[in-house]
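Just data_27.txt here, compact mmCIF, C-alpha atoms:
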# COMPACT_ATOMS: atom_id res chain seq x y z
CA MET A 428 -4.29 67.39 -18.67
CA LYS A 429 -3.40 65.98 -15.32
CA ARG A 430 -6.57 63.88 -15.31
CA THR A 431 -6.38 62.55 -18.91
CA ALA A 432 -2.88 61.06 -18.62
CA PRO A 433 -3.83 58.33 -16.08
CA ARG A 434 -7.02 57.70 -18.02
CA ILE A 435 -5.08 57.09 -21.23
CA LEU A 436 -2.69 54.83 -19.35
CA PHE A 437 -5.65 52.86 -18.00
CA PHE A 438 -7.08 52.29 -21.48
CA VAL A 439 -3.69 51.33 -22.90
CA LEU A 440 -3.17 48.78 -20.13
CA LEU A 441 -6.69 47.42 -20.64
CA ALA A 442 -6.08 47.03 -24.37
CA VAL A 443 -2.75 45.29 -23.81
CA SER A 444 -4.21 42.86 -21.28
CA LEU A 445 -7.15 42.06 -23.57
CA LEU A 446 -4.77 41.41 -26.44
CA THR A 447 -2.55 39.20 -24.30
CA ALA A 448 -5.52 37.16 -23.13
CA ARG A 449 -6.67 36.74 -26.70
CA LEU A 450 -3.20 35.63 -27.85
CA ALA A 451 -3.00 33.13 -25.00
CA ALA A 452 -6.40 31.75 -25.96
CA ARG A 453 -5.27 31.42 -29.57
CA GLN A 454 -2.11 29.57 -28.48
CA LEU A 455 -4.21 27.14 -26.49
CA GLU A 456 -6.38 26.61 -29.53
CA THR A 457 -3.30 25.99 -31.68
CA ALA A 458 -1.97 23.49 -29.16
CA ALA A 459 -5.26 21.62 -29.35
CA THR A 460 -5.23 21.32 -33.14
CA SER A 461 -1.44 21.07 -33.68
CA PRO A 462 -0.13 18.76 -30.99
CA SER A 463 3.61 18.43 -30.68
CA VAL A 464 6.01 15.83 -29.31
CA HIS A 465 9.35 17.02 -28.01
CA ILE A 466 12.49 14.91 -28.08
CA ASP A 467 14.75 15.53 -25.12
CA ASN A 468 17.32 13.26 -23.49
CA PHE A 469 16.51 10.50 -25.99
CA THR A 470 12.86 10.48 -24.85
CA PHE A 471 9.59 11.37 -26.62
CA THR A 472 7.44 13.73 -24.52
CA PRO A 473 4.62 12.94 -24.30
CA GLN A 474 5.43 9.32 -25.00
CA GLU A 475 1.78 8.67 -25.85
CA ILE A 476 -0.40 11.33 -27.44
CA THR A 477 -4.12 11.14 -28.29
CA ILE A 478 -5.44 13.29 -31.13
CA THR A 479 -8.53 13.50 -33.29
CA ARG A 480 -8.64 12.34 -36.89
CA GLY A 481 -7.16 14.88 -39.27
CA ALA A 482 -4.82 16.45 -36.72
CA THR A 483 -1.16 16.97 -37.48
CA VAL A 484 1.51 15.96 -34.99
CA THR A 485 4.81 17.84 -35.02
CA TRP A 486 7.95 16.33 -33.54
CA VAL A 487 10.65 18.76 -32.39
CA ASN A 488 14.21 17.64 -31.68
CA ASP A 489 15.53 19.41 -28.56
CA ASP A 490 18.58 17.12 -28.26
CA ASP A 491 22.18 17.80 -29.28
CA ILE A 492 22.14 14.70 -31.46
CA PRO A 493 20.01 13.88 -34.52
CA HIS A 494 16.94 11.70 -34.28
CA ALA A 495 14.51 10.33 -36.88
CA ILE A 496 10.89 9.24 -36.60
CA ALA A 497 9.81 5.92 -38.10
CA ALA A 498 6.40 4.26 -37.75
CA SER A 499 6.64 0.57 -36.89
CA ASP A 500 4.13 -0.18 -39.67
CA LYS A 501 6.06 2.17 -42.05
CA ALA A 502 3.06 4.55 -42.31
CA PHE A 503 5.44 7.50 -41.92
CA ARG A 504 9.15 8.15 -41.74
CA SER A 505 11.10 11.36 -41.27
CA LYS A 506 14.53 12.35 -42.48
CA ALA A 507 17.18 12.76 -39.80
CA MET A 508 16.26 15.80 -37.70
CA ASP A 509 19.19 17.74 -36.32
CA THR A 510 18.88 19.95 -33.25
CA GLU A 511 15.73 22.14 -33.36
CA GLU A 512 14.53 20.57 -36.60
CA LYS A 513 10.92 19.41 -36.92
CA PHE A 514 8.86 16.77 -38.65
CA SER A 515 5.08 16.82 -39.09
CA PHE A 516 2.61 14.15 -40.13
CA LYS A 517 -1.14 14.43 -40.59
CA PHE A 518 -3.16 11.49 -39.26
CA ASN A 519 -6.24 10.96 -41.42
CA GLU A 520 -7.11 7.46 -40.23
CA PRO A 521 -8.12 6.48 -36.69
CA GLY A 522 -5.95 3.92 -34.98
CA THR A 523 -2.87 3.40 -32.85
CA TYR A 524 0.43 4.28 -34.45
CA GLU A 525 3.57 3.03 -32.74
CA TYR A 526 6.83 4.67 -33.76
CA PHE A 527 10.50 4.72 -32.79
CA CYS A 528 13.72 6.58 -33.53
CA SER A 529 15.37 4.84 -36.47
CA LEU A 530 18.81 5.90 -35.17
CA HIS A 531 18.19 4.94 -31.55
CA PRO A 532 15.45 2.29 -31.67
CA HIS A 533 15.20 1.99 -27.90
CA MET A 534 13.33 5.34 -28.13
CA GLN A 535 9.63 4.53 -28.67
CA GLY A 536 6.36 6.44 -28.70
CA LYS A 537 2.70 6.11 -29.66
CA VAL A 538 0.07 8.26 -31.41
CA ILE A 539 -3.58 7.34 -30.79
CA VAL A 540 -5.95 8.81 -33.38
CA LYS A 541 -9.65 8.96 -32.39
CA ASP A 542 -12.57 9.42 -34.72
CA MET B 890 51.15 -4.00 -48.86
CA ALA B 891 50.02 -7.58 -48.81
CA ILE B 892 46.41 -7.05 -47.90
CA LYS B 893 44.22 -9.56 -49.67
CA ASP B 894 40.48 -9.57 -49.76
CA GLY B 895 38.27 -12.53 -48.99
CA ASN B 896 38.31 -13.73 -52.57
CA GLU B 897 42.06 -14.02 -52.90
CA ARG B 898 42.75 -14.98 -49.35
CA GLN B 899 46.19 -16.02 -48.31
CA ARG B 900 45.38 -19.53 -47.11
CA LYS B 901 48.78 -20.17 -45.64
CA VAL B 902 48.47 -19.50 -41.95
CA LEU B 903 51.52 -17.61 -40.82
CA LEU B 904 50.65 -17.52 -37.17
CA ASP B 905 50.62 -20.23 -34.58
CA ARG B 906 47.28 -20.51 -32.76
CA ARG B 907 49.00 -19.38 -29.58
CA GLU B 908 49.78 -16.13 -31.28
CA ALA B 909 47.18 -13.44 -31.52
CA LEU B 910 46.54 -9.78 -31.37
CA THR B 911 48.24 -8.53 -28.29
CA CYS B 912 48.65 -4.88 -28.35
CA MET B 913 46.36 -2.00 -28.67
CA THR B 914 47.38 1.54 -28.06
CA TRP B 915 44.99 4.36 -27.40
CA ALA B 916 46.16 7.88 -28.06
CA GLY B 917 43.28 10.17 -27.40
CA THR B 918 42.91 9.50 -31.07
CA GLY B 919 43.40 5.83 -31.88
CA LEU B 920 44.21 2.41 -30.55
CA LEU B 921 47.44 0.49 -31.24
CA TRP B 922 47.23 -3.28 -31.39
CA ALA B 923 49.74 -6.13 -31.27
CA LEU B 924 49.50 -9.91 -31.61
CA ASN B 925 50.77 -12.12 -28.84
CA TRP B 926 50.28 -15.82 -28.11
CA GLY B 927 46.58 -15.97 -28.68
CA VAL B 928 45.76 -13.07 -26.44
CA PRO B 929 45.14 -9.57 -27.71
CA LEU B 930 47.00 -6.95 -25.77
CA THR B 931 46.93 -3.24 -26.11
CA LYS B 932 50.05 -1.21 -25.88
CA GLY B 933 48.19 1.86 -24.76
CA LEU B 934 46.84 4.88 -26.47
CA ILE B 935 48.87 6.51 -29.13
CA GLY B 936 50.76 9.27 -27.43
CA GLY B 937 51.11 7.25 -24.26
CA ALA B 938 54.13 5.39 -22.92
CA TYR B 939 54.43 1.95 -24.50
CA ALA B 940 57.13 -0.36 -25.76
CA ALA B 941 57.94 0.30 -29.39
CA PRO B 942 57.14 -2.71 -31.57
CA ALA B 943 60.00 -5.05 -32.42
CA PRO B 944 61.03 -5.33 -36.08
CA HIS B 945 58.97 -8.51 -36.61
CA GLU B 946 55.84 -6.88 -35.27
CA PHE B 947 53.33 -4.90 -37.22
CA THR B 948 50.69 -2.47 -36.08
CA PHE B 949 47.38 -1.17 -37.25
CA VAL B 950 45.33 1.71 -35.94
CA GLN B 951 41.65 2.01 -35.07
CA ILE B 952 39.82 5.31 -35.08
CA SER B 953 36.11 5.78 -34.57
CA ASP B 954 33.16 8.16 -34.36
CA SER B 955 34.66 11.19 -36.10
CA HIS B 956 31.17 12.75 -36.44
CA ILE B 957 32.40 15.33 -38.93
CA GLY B 958 29.68 18.00 -39.03
CA PHE B 959 29.03 17.89 -35.27
CA ASN B 960 29.35 21.41 -33.83
CA LYS B 961 27.41 21.39 -30.57
CA PRO B 962 28.78 22.51 -27.16
CA ALA B 963 30.31 19.10 -26.37
CA ASN B 964 32.83 19.85 -29.17
CA PRO B 965 32.25 22.81 -31.49
CA ASP B 966 35.10 21.67 -33.79
CA ALA B 967 35.07 17.94 -34.53
CA GLU B 968 37.29 18.51 -37.58
CA ARG B 969 40.04 19.92 -35.43
CA THR B 970 40.09 16.96 -33.04
CA LEU B 971 40.13 14.49 -35.97
CA ARG B 972 43.06 16.43 -37.41
CA GLU B 973 44.85 16.09 -34.07
CA ALA B 974 44.12 12.35 -34.04
CA ILE B 975 45.59 11.93 -37.52
CA ALA B 976 48.67 13.92 -36.46
CA LYS B 977 49.18 11.48 -33.57
CA ILE B 978 49.01 8.56 -35.99
CA LYS B 979 51.50 10.21 -38.36
CA ALA B 980 53.88 10.74 -35.46
CA LEU B 981 54.03 7.02 -34.56
CA PRO B 982 57.63 5.76 -34.71
CA VAL B 983 56.58 2.66 -36.66
CA LYS B 984 54.19 3.32 -39.49
CA PRO B 985 51.01 1.25 -39.01
CA ALA B 986 50.13 -1.14 -41.83
CA PHE B 987 46.62 0.27 -42.18
CA MET B 988 43.75 1.98 -40.38
CA ILE B 989 40.31 0.73 -39.39
CA HIS B 990 37.49 3.24 -38.96
CA THR B 991 34.60 1.78 -36.94
CA GLY B 992 31.92 4.15 -38.20
CA ASP B 993 30.13 7.45 -37.69
CA ILE B 994 32.59 9.08 -40.05
CA SER B 995 30.03 11.84 -40.61
CA HIS B 996 27.34 13.31 -38.37
CA LEU B 997 24.46 13.57 -40.87
CA SER B 998 25.71 11.68 -43.96
CA LYS B 999 26.10 14.94 -45.90
CA ASP B 1000 28.44 14.97 -48.88
CA GLU B 1001 30.51 17.81 -47.47
CA GLU B 1002 30.91 15.98 -44.17
CA PHE B 1003 32.21 12.84 -45.89
CA ASP B 1004 34.44 15.02 -48.11
CA ASN B 1005 35.93 16.83 -45.12
CA ALA B 1006 36.49 13.57 -43.23
CA ASP B 1007 38.19 12.01 -46.26
CA GLN B 1008 40.50 14.99 -46.66
CA LEU B 1009 41.60 14.77 -43.03
CA ILE B 1010 41.91 10.97 -42.86
CA LYS B 1011 43.95 10.65 -46.05
CA GLU B 1012 46.62 12.82 -44.42
CA ALA B 1013 47.61 9.71 -42.46
CA GLY B 1014 48.83 8.12 -45.72
CA LEU B 1015 47.42 4.70 -44.81
CA PRO B 1016 44.96 2.32 -46.43
CA VAL B 1017 41.67 2.65 -44.50
CA PHE B 1018 39.01 -0.02 -43.97
CA TYR B 1019 35.59 1.26 -42.97
CA VAL B 1020 32.31 0.06 -41.58
CA PRO B 1021 29.33 2.45 -41.37
CA GLY B 1022 27.80 3.89 -38.22
CA GLU B 1023 24.12 4.84 -38.05
CA HIS B 1024 25.12 8.46 -38.76
CA ASP B 1025 26.65 7.38 -42.11
CA VAL B 1026 23.44 5.97 -43.61
CA LEU B 1027 21.07 8.94 -43.14
CA ASP B 1028 20.95 9.92 -46.82
CA ASP B 1029 17.62 9.60 -48.64
CA GLU B 1030 18.67 6.27 -50.11
CA ARG B 1031 19.75 4.95 -46.72
CA GLY B 1032 23.40 4.15 -47.15
CA ARG B 1033 23.81 4.46 -50.91
CA SER B 1034 26.18 7.39 -50.41
CA TYR B 1035 28.30 5.38 -47.96
CA ILE B 1036 28.51 2.39 -50.33
CA TRP B 1037 29.47 4.67 -53.23
CA ARG B 1038 32.32 6.13 -51.21
CA TYR B 1039 33.60 3.27 -49.06
CA GLY B 1040 31.94 0.05 -50.13
CA LYS B 1041 32.96 -0.58 -53.74
CA ASN B 1042 34.51 -3.95 -52.84
CA ALA B 1043 32.00 -4.74 -50.11
CA LYS B 1044 28.98 -7.01 -50.03
CA GLY B 1045 25.41 -6.06 -49.08
CA THR B 1046 25.29 -2.83 -47.11
CA GLY B 1047 29.07 -2.71 -46.66
CA TRP B 1048 30.34 -5.91 -45.03
CA HIS B 1049 33.70 -7.22 -46.22
CA SER B 1050 36.83 -9.13 -45.21
CA PHE B 1051 40.54 -9.11 -45.95
CA ASP B 1052 43.74 -10.81 -44.85
CA TYR B 1053 46.97 -9.28 -43.66
CA ASN B 1054 49.99 -11.14 -42.36
CA GLY B 1055 48.05 -14.28 -41.48
CA ILE B 1056 45.22 -12.54 -39.67
CA HIS B 1057 41.70 -12.54 -41.12
CA TYR B 1058 39.82 -9.25 -40.70
CA ILE B 1059 36.03 -9.02 -41.00
CA GLY B 1060 34.11 -5.71 -41.19
CA LEU B 1061 30.43 -6.15 -40.26
CA VAL B 1062 27.49 -3.74 -40.63
CA ASN B 1063 25.02 -3.62 -37.71
CA VAL B 1064 23.35 -0.24 -38.21
CA MET B 1065 20.80 -1.06 -40.95
CA ASP B 1066 17.09 -1.89 -40.61
CA LEU B 1067 17.01 -1.26 -36.87
CA LYS B 1068 13.74 -2.41 -35.33
CA ALA B 1069 11.62 -0.66 -32.68
CA GLY B 1070 12.92 -1.32 -29.21
CA GLY B 1071 15.82 -3.26 -30.64
CA LEU B 1072 19.59 -3.18 -30.64
CA GLY B 1073 22.08 -3.25 -33.50
CA ASN B 1074 21.17 -5.67 -36.26
CA LEU B 1075 23.34 -7.85 -38.56
CA GLY B 1076 20.56 -9.67 -40.42
CA ASP B 1077 20.33 -13.14 -41.93
CA GLU B 1078 21.98 -12.29 -45.26
CA GLN B 1079 25.13 -10.99 -43.58
CA LEU B 1080 25.23 -13.87 -41.09
CA ALA B 1081 25.04 -16.35 -43.98
CA TRP B 1082 27.88 -14.52 -45.73
CA LEU B 1083 29.95 -14.66 -42.54
CA GLU B 1084 29.58 -18.44 -42.39
CA ARG B 1085 30.77 -18.74 -46.00
CA ASP B 1086 33.58 -16.25 -45.46
CA VAL B 1087 35.27 -18.20 -42.67
CA ALA B 1088 34.33 -21.71 -43.85
CA GLY B 1089 37.75 -22.47 -45.38
CA LEU B 1090 39.84 -21.00 -42.57
CA SER B 1091 41.87 -23.06 -40.12
CA ALA B 1092 40.78 -22.68 -36.50
CA SER B 1093 44.28 -21.39 -35.77
CA THR B 1094 43.76 -18.29 -37.92
CA PRO B 1095 43.49 -15.22 -35.69
CA ILE B 1096 40.28 -13.33 -36.42
CA VAL B 1097 39.69 -9.61 -35.99
CA VAL B 1098 36.05 -8.49 -36.31
CA PHE B 1099 35.16 -4.83 -36.45
CA ALA B 1100 31.72 -3.20 -36.46
CA HIS B 1101 30.19 0.05 -35.25
CA ILE B 1102 27.74 -0.91 -32.48
CA PRO B 1103 29.27 -3.23 -29.85
CA LEU B 1104 28.85 -6.93 -30.63
CA TRP B 1105 28.41 -7.59 -26.91
CA THR B 1106 25.58 -6.24 -24.82
CA VAL B 1107 27.04 -3.24 -23.04
CA TYR B 1108 23.80 -1.52 -21.95
CA PRO B 1109 20.55 -2.51 -23.68
CA GLU B 1110 18.62 0.36 -22.06
CA TRP B 1111 20.57 2.69 -24.36
CA GLY B 1112 20.60 0.28 -27.29
CA TRP B 1113 24.29 -0.49 -26.75
CA GLY B 1114 24.47 -4.00 -28.14
CA THR B 1115 23.63 -6.08 -31.22
CA GLY B 1116 20.52 -8.26 -31.13
CA ASP B 1117 21.83 -11.11 -33.30
CA ALA B 1118 25.53 -10.84 -32.37
CA ALA B 1119 25.35 -14.23 -30.63
CA LYS B 1120 24.79 -15.89 -34.03
CA ALA B 1121 27.93 -14.26 -35.45
CA LEU B 1122 29.99 -15.14 -32.39
CA SER B 1123 28.73 -18.72 -32.61
CA THR B 1124 30.05 -18.92 -36.18
CA LEU B 1125 33.43 -17.68 -34.94
CA LYS B 1126 33.73 -19.62 -31.69
CA ARG B 1127 35.92 -22.38 -33.19
CA PHE B 1128 38.74 -19.91 -33.75
CA GLY B 1129 41.50 -19.84 -31.15
CA SER B 1130 41.80 -16.08 -31.19
CA LEU B 1131 38.97 -13.65 -31.77
CA THR B 1132 39.33 -9.91 -31.31
CA VAL B 1133 36.26 -7.69 -31.63
CA LEU B 1134 36.71 -3.94 -32.17
CA ASN B 1135 33.72 -1.59 -31.91
CA GLY B 1136 32.88 2.10 -31.59
CA HIS B 1137 29.50 3.83 -31.07
CA ILE B 1138 29.69 4.35 -27.29
CA HIS B 1139 32.56 6.91 -27.37
CA GLN B 1140 34.50 5.36 -24.49
CA ILE B 1141 36.85 2.47 -23.82
CA LEU B 1142 35.33 -0.72 -22.46
CA GLN B 1143 36.82 -4.21 -22.58
CA LYS B 1144 35.65 -7.73 -21.94
CA VAL B 1145 37.35 -11.12 -22.24
CA GLU B 1146 35.19 -14.18 -22.77
CA GLY B 1147 36.89 -17.47 -23.58
CA ASN B 1148 39.02 -16.92 -26.69
CA ALA B 1149 37.25 -13.66 -27.51
CA VAL B 1150 38.39 -10.21 -26.49
CA PHE B 1151 36.04 -7.26 -26.96
CA HIS B 1152 37.09 -3.62 -27.08
CA THR B 1153 35.24 -0.39 -27.74
CA ALA B 1154 37.05 2.72 -28.93
CA ARG B 1155 36.92 6.35 -27.98
CA SER B 1156 35.53 8.91 -30.38
CA THR B 1157 37.67 11.56 -32.02
CA ALA B 1158 34.74 14.02 -31.64
CA PHE B 1159 32.92 13.98 -28.28
CA PRO B 1160 32.59 11.73 -25.21
CA GLN B 1161 29.43 9.95 -24.08
CA PRO B 1162 28.56 9.06 -20.48
CA ALA B 1163 29.36 5.72 -18.90
CA PRO B 1164 26.37 3.32 -19.09
CA GLY B 1165 23.56 4.38 -16.80
CA THR B 1166 25.38 7.38 -15.31
CA ALA B 1167 23.26 10.00 -17.11
CA PRO B 1168 19.61 10.36 -18.16
CA SER B 1169 20.59 9.63 -21.78
CA PRO B 1170 23.60 8.64 -23.91
CA GLY B 1171 23.78 12.10 -25.52
CA PRO B 1172 27.03 14.06 -26.05
CA MET B 1173 28.74 14.67 -22.71
CA LYS B 1174 29.95 18.19 -22.11
CA VAL B 1175 33.11 18.13 -20.05
CA PRO B 1176 34.85 21.15 -18.49
CA ALA B 1177 36.72 23.38 -20.91
CA GLY B 1178 40.25 22.10 -21.41
CA GLU B 1179 39.40 18.48 -20.54
CA LEU B 1180 37.81 17.40 -23.83
CA ARG B 1181 41.01 15.85 -25.17
CA ASP B 1182 41.26 13.65 -22.09
CA TYR B 1183 38.14 11.87 -23.37
CA LEU B 1184 39.01 11.50 -27.07
CA GLY B 1185 41.37 8.99 -28.57
CA ILE B 1186 42.74 6.60 -31.17
CA ALA B 1187 43.90 2.99 -30.88
CA SER B 1188 46.85 1.19 -32.37
CA VAL B 1189 47.45 -2.57 -32.56
CA THR B 1190 50.86 -4.24 -32.74
CA TYR B 1191 51.75 -7.81 -33.69
CA VAL B 1192 54.28 -9.31 -31.28
CA THR B 1193 55.33 -12.90 -30.62
CA ASN B 1194 56.29 -12.96 -26.98
CA ASN B 1195 54.00 -13.79 -24.11
CA HIS B 1196 52.43 -10.88 -22.29
CA PRO B 1197 49.26 -10.73 -20.25
CA LEU B 1198 46.35 -8.66 -21.44
CA ALA B 1199 47.30 -5.06 -20.77
CA VAL B 1200 45.89 -1.77 -21.86
CA VAL B 1201 47.43 1.62 -21.33
CA ASP B 1202 45.05 4.45 -22.03
CA THR B 1203 46.36 7.76 -23.22
CA ALA B 1204 44.27 10.59 -24.54
CA LEU B 1205 44.48 13.20 -27.28
CA SER B 1206 45.60 15.60 -24.57
CA THR B 1207 48.81 13.64 -24.04
CA ALA B 1208 51.62 15.84 -25.23
CA PRO B 1209 54.40 13.50 -26.39
CA ALA B 1210 53.66 11.64 -29.57
CA LEU B 1211 55.00 8.12 -29.83
Please go through the file and, once you have read it, give me the structure as structure tokens.
Amino acid sequence: MKRTAPRILFFVLLAVSLLTARLAARQLETAATSPSVHIDNFTFTPQEITITRGATVTWVNDDDIPHAIAASDKAFRSKAMDTEEKFSFKFNEPGTYEYFCSLHPHMQGKVIVKD
Amino acid sequence: MAIKDGNERQRKVLLDRREALTCMTWAGTGLLWALNWGVPLTKGLIGGAYAAPAPHEFTFVQISDSHIGFNKPANPDAERTLREAIAKIKALPVKPAFMIHTGDISHLSKDEEFDNADQLIKEAGLPVFYVPGEHDVLDDERGRSYIWRYGKNAKGTGWHSFDYNGIHYIGLVNVMDLKAGGLGNLGDEQLAWLERDVAGLSASTPIVVFAHIPLWTVYPEWGWGTGDAAKALSTLKRFGSLTVLNGHIHQILQKVEGNAVFHTARSTAFPQPAPGTAPSPGPMKVPAGELRDYLGIASVTYVTNNHPLAVVDTALSTAPAL
């Protein structure tokens, strides 16, 4: 009995660490296929993001004031996003997409879509 | 009251060109204005110490940036502070002729936000003239809701004019079709209307222009200005007295340039930082108990004596009502 308890603990810890590693790997994978742009202090971060064709970009508003995403060429446009609200757009065509906040147009960003 | 719109304008100019808006009173809630010898003067914030208007004077009140619906830490109860602002206006010893609201009535253009704002504002018992802020045109149809509520007699996206007691008032809209990297925007259609609107007016007619985003460049890095404002000001430069009232930046700033006097109003909801003093122009959280020092209203009084430009600022936190 005295010997099996530490052994069980060892296997439990091993299982937990393997699971954690796997979850972390999955998160990295998700980040690669679902890139996000955070809005904080009236700034898009990252201001310029490069993705592959077919990827979906998600904007998240971390500010205490609403923002809205509008492409300069009108390819996409979000509704006003209040705090913690999100907007996603799938980019199917390669190219450079410049966008700004339609409430605060001095806020600008860029999405570069590669083939 | 004898307020006439642009179509049935009272052509008879009642004021001498030396007379103009002179007094503007800020009360942590609104700004009180008076007319005086071609120079706009403020009498201080409502709630502050100022000389009561003489019988021949009249006043109007400006409130701005109510942001009904805002509930973040900078002010969890924007309805309450608007209610306090309206109470200050009701407590004025001389009832103002009307109220101007320089936009951002609502926070997200939701019906219930406009409804709640209307309920609170109508308690003042005054006619109200509005222009939209960028927060008032966020509905799916980009401003249709605002026009339906406040713009029945307006042109375009909500611009309009009226006359009261010899002064010509012009409400402009500079929050539509904003362009990347740009500032506020009036647009060619509105600028053409402005030229027609003032074409028949004598140069001695005092002009009051009100719009949401400042019509002078306060701080372009934060978008605090209007790209084509110079065209509008050029149309108005022949007038001997021009007073420009704006909101948007949630703080009092003033500038005098030739015959033109520019003022920005406090918000009734939350303060914003002074230009360039913070990483962004977002809501400024002030220590508990100090919020009402940063909120306000403005009141304008017509007077006929000769005073220098003077502004007395008083905040919502000021205890004695006028």
(request) Compile the residues of chain B that lie within 8 Å of chain A, evaluated using all atoms listed in the file, and express the compilation as a ChimeraX atom specification. (result) /B:961,997,1023-1024,1027,1029,1067-1072,1110-1112,1168-1172
(message) Give me, as a VMD selection string, all polymer residues having an atom no more than 9 Å from region 1141-1146 of chain B, counting only C-alpha atoms and skipping those fewer than 4 positions away in the same chain.
(response) chain B and resid 1105 1107 1136 1150 to 1155 1202
(request) Just the residues within 8 Å of Ala1149 (chain B), please, counting only C-alpha atoms, with nothing from its chain fewer than 6 positions along; format it as a VMD selection string. (result) chain B and resid 1130 to 1133
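A straight line drawn from CA of Thr1115 (chain B) to CA of Glu1002 (chain B) is 26.6 Å long.
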(message) Here's a test: counting all atoms listed in the file, identify every protein, DNA and RNA residue with an atom at most 8 Å from (33.6, 5.1, -35.3) in the file's coordinate frame, and state them as an MDAnalysis selection string.
(response) chainID B and resid 952:955 990:994 1021:1022 1101 1135:1137 1154 1156
Residues of the last selection are to be written out with C-alpha atoms, as a PDB file, keeping the file's coordinate frame.
ATOM      1  CA  ILE B 952      39.820   5.310 -35.080  1.00  0.00           C
ATOM      2  CA  SER B 953      36.110   5.780 -34.570  1.00  0.00           C
ATOM      3  CA  ASP B 954      33.160   8.160 -34.360  1.00  0.00           C
ATOM      4  CA  SER B 955      34.660  11.190 -36.100  1.00  0.00           C
ATOM      5  CA  HIS B 990      37.490   3.240 -38.960  1.00  0.00           C
ATOM      6  CA  THR B 991      34.600   1.780 -36.940  1.00  0.00           C
ATOM      7  CA  GLY B 992      31.920   4.150 -38.200  1.00  0.00           C
ATOM      8  CA  ASP B 993      30.130   7.450 -37.690  1.00  0.00           C
ATOM      9  CA  ILE B 994      32.590   9.080 -40.050  1.00  0.00           C
ATOM     10  CA  PRO B1021      29.330   2.450 -41.370  1.00  0.00           C
ATOM     11  CA  GLY B1022      27.800   3.890 -38.220  1.00  0.00           C
ATOM     12  CA  HIS B1101      30.190   0.050 -35.250  1.00  0.00           C
ATOM     13  CA  ASN B1135      33.720  -1.590 -31.910  1.00  0.00           C
ATOM     14  CA  GLY B1136      32.880   2.100 -31.590  1.00  0.00           C
ATOM     15  CA  HIS B1137      29.500   3.830 -31.070  1.00  0.00           C
ATOM     16  CA  ALA B1154      37.050   2.720 -28.930  1.00  0.00           C
ATOM     17  CA  SER B1156      35.530   8.910 -30.380  1.00  0.00           C
TER      18      SER B1156
END
(request) Go through A:Tyr524, A:Phe471, A:Phe514, A:Trp486 one by one, measure the shortest atom-to-atom distance of each to Ala502 (chain A) using only C-alpha atoms, and give the residue with the smallest value. (result) A:Tyr524
(message) What does the structure give for the distance between CA of Ile1056 (chain B) and CA of Ile1096 (chain B), in Å to one decimal?
(response)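 One can read the CA of Ile1056 (chain B) to CA of Ile1096 (chain B) distance as 6.0 Å.
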(request) Could you tell me how far CA of Asp1028 (chain B) lies from CA of Ile466 (chain A), in Å and to one decimal? (result)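 CA of Ile466 (chain A) lies 21.2 Å from CA of Asp1028 (chain B).
Within 8 Å of Ile975 (chain B), once only C-alpha atoms are used and residues closer than 6 positions along the same chain are dropped, the contacting residues are Thr918, Leu1009, Ile1010, Glu1012 and Ala1013 of chain B.
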